[in-house]
Amino acid sequence: MTSGSRDEFSAGGVVYRRGEEGIEVVLVGRRRERLWALPKGKPDGDEAPEETALREVREETGLEARIEQPLGDVAYWYTGPDGQRVHKKVTYYLMQPVGGDVANHDHEFDDVAWVHLSEAERLLTHRNQLHILRRVAELTDRAA
């Protein structure tokens, strides 16, 4: 790592259910930015990635979930508010809801919605997360 860059880590989840029309997943949205994304966030203290993913999903979506398996990583670069280059890695997990309600999400997002998987692929703002949704499609197809 050079003085001009730093590494950052987040973890998140794709919560899914089988709806009448097929697989549905939860997306979080901000209206002003026209953003639709997968829930994720940074660890609190020395949280394990799985703990971070479950907590972030609970906070951002209002859902209690359990992890089924890892889905993979998304890695990208961005420039932080301090002008420093940041190499970010986000690990995602496939999750099933076990309780809670999307109406109980925190203030970080305006909208939390269940959407059909194909609609989620269309809505997703950060296209570098598409392979995560495609992995969900593969895994849930296999399990059907």
# chains A, B, ... in the order shown; residues from 1 in each chain; ligands from 1
$ closest_atom_pairs --of "range 102-143 of chain A" --to "range 20-33 of chain A" --cutoff "9 Å" --atoms "only C-alpha atoms" --output "CSV"
residue,atom,partner,partner_atom,distance
A:Val102,CA,A:Val26,CA,8.7
A:Glu108,CA,A:Arg30,CA,8.2
A:Phe109,CA,A:Arg30,CA,5.3
A:Asp110,CA,A:Arg30,CA,5.1
A:Asp111,CA,A:Gly29,CA,4.9
A:Val112,CA,A:Val28,CA,4.5
A:Ala113,CA,A:Val26,CA,5.5
A:Trp114,CA,A:Val26,CA,4.5
A:Val115,CA,A:Glu24,CA,5.1
A:His116,CA,A:Glu24,CA,4.2
A:Leu117,CA,A:Glu24,CA,5.2
A:Ser118,CA,A:Glu24,CA,8.7
A:Glu119,CA,A:Glu24,CA,8.9
A:Ala120,CA,A:Val25,CA,7.2
A:Leu123,CA,A:Leu27,CA,8.9
A:Leu124,CA,A:Leu27,CA,8.2
A:Leu133,CA,A:Val25,CA,8.9
A:Ala137,CA,A:Ile23,CA,7.8
A:Thr140,CA,A:Ile23,CA,7.6
A:Asp141,CA,A:Ile23,CA,8.9
$ select_by_dssp --residues "chain A" --states "strand (DSSP E)" --output "PyMOL selection string"
chain A and resi 5-19+22-30+35-37+40-41+63-79+85-100+111-116
$ select_by_dssp --residues "chain A" --states "helix (DSSP H, G or I)" --output "count of residues only"
40
$ atom_distance --atom1 "CA of Gly45 in chain A" --atom2 "CA of Pro97 in chain A"
25.1 Å
$ residues_around --residues "Ser5 in chain A" --least-positions-apart "5" --cutoff "12 Å" --atoms "only C-alpha atoms" --output "PyMOL selection string"
chain A and resi 77-80+82-88
$ write_last_selection --atoms "C-alpha atoms" --output "mmCIF file, in the first residue's frame"
data_model
loop_
_atom_site.group_PDB
_atom_site.id
_atom_site.type_symbol
_atom_site.label_atom_id
_atom_site.label_comp_id
_atom_site.auth_asym_id
_atom_site.auth_seq_id
_atom_site.Cartn_x
_atom_site.Cartn_y
_atom_site.Cartn_z
ATOM 1 C CA TRP A 77 -11.317 1.857 -6.381
ATOM 2 C CA TYR A 78 -12.725 5.219 -5.360
ATOM 3 C CA THR A 79 -11.396 8.543 -4.110
ATOM 4 C CA GLY A 80 -12.144 9.282 -0.454
ATOM 5 C CA ASP A 82 -9.532 13.267 1.870
ATOM 6 C CA GLY A 83 -8.452 12.798 -1.764
ATOM 7 C CA GLN A 84 -6.816 9.458 -0.984
ATOM 8 C CA ARG A 85 -7.385 6.516 -3.346
ATOM 9 C CA VAL A 86 -9.265 3.697 -1.627
ATOM 10 C CA HIS A 87 -9.251 0.055 -2.726
ATOM 11 C CA LYS A 88 -12.507 -1.358 -1.417
#
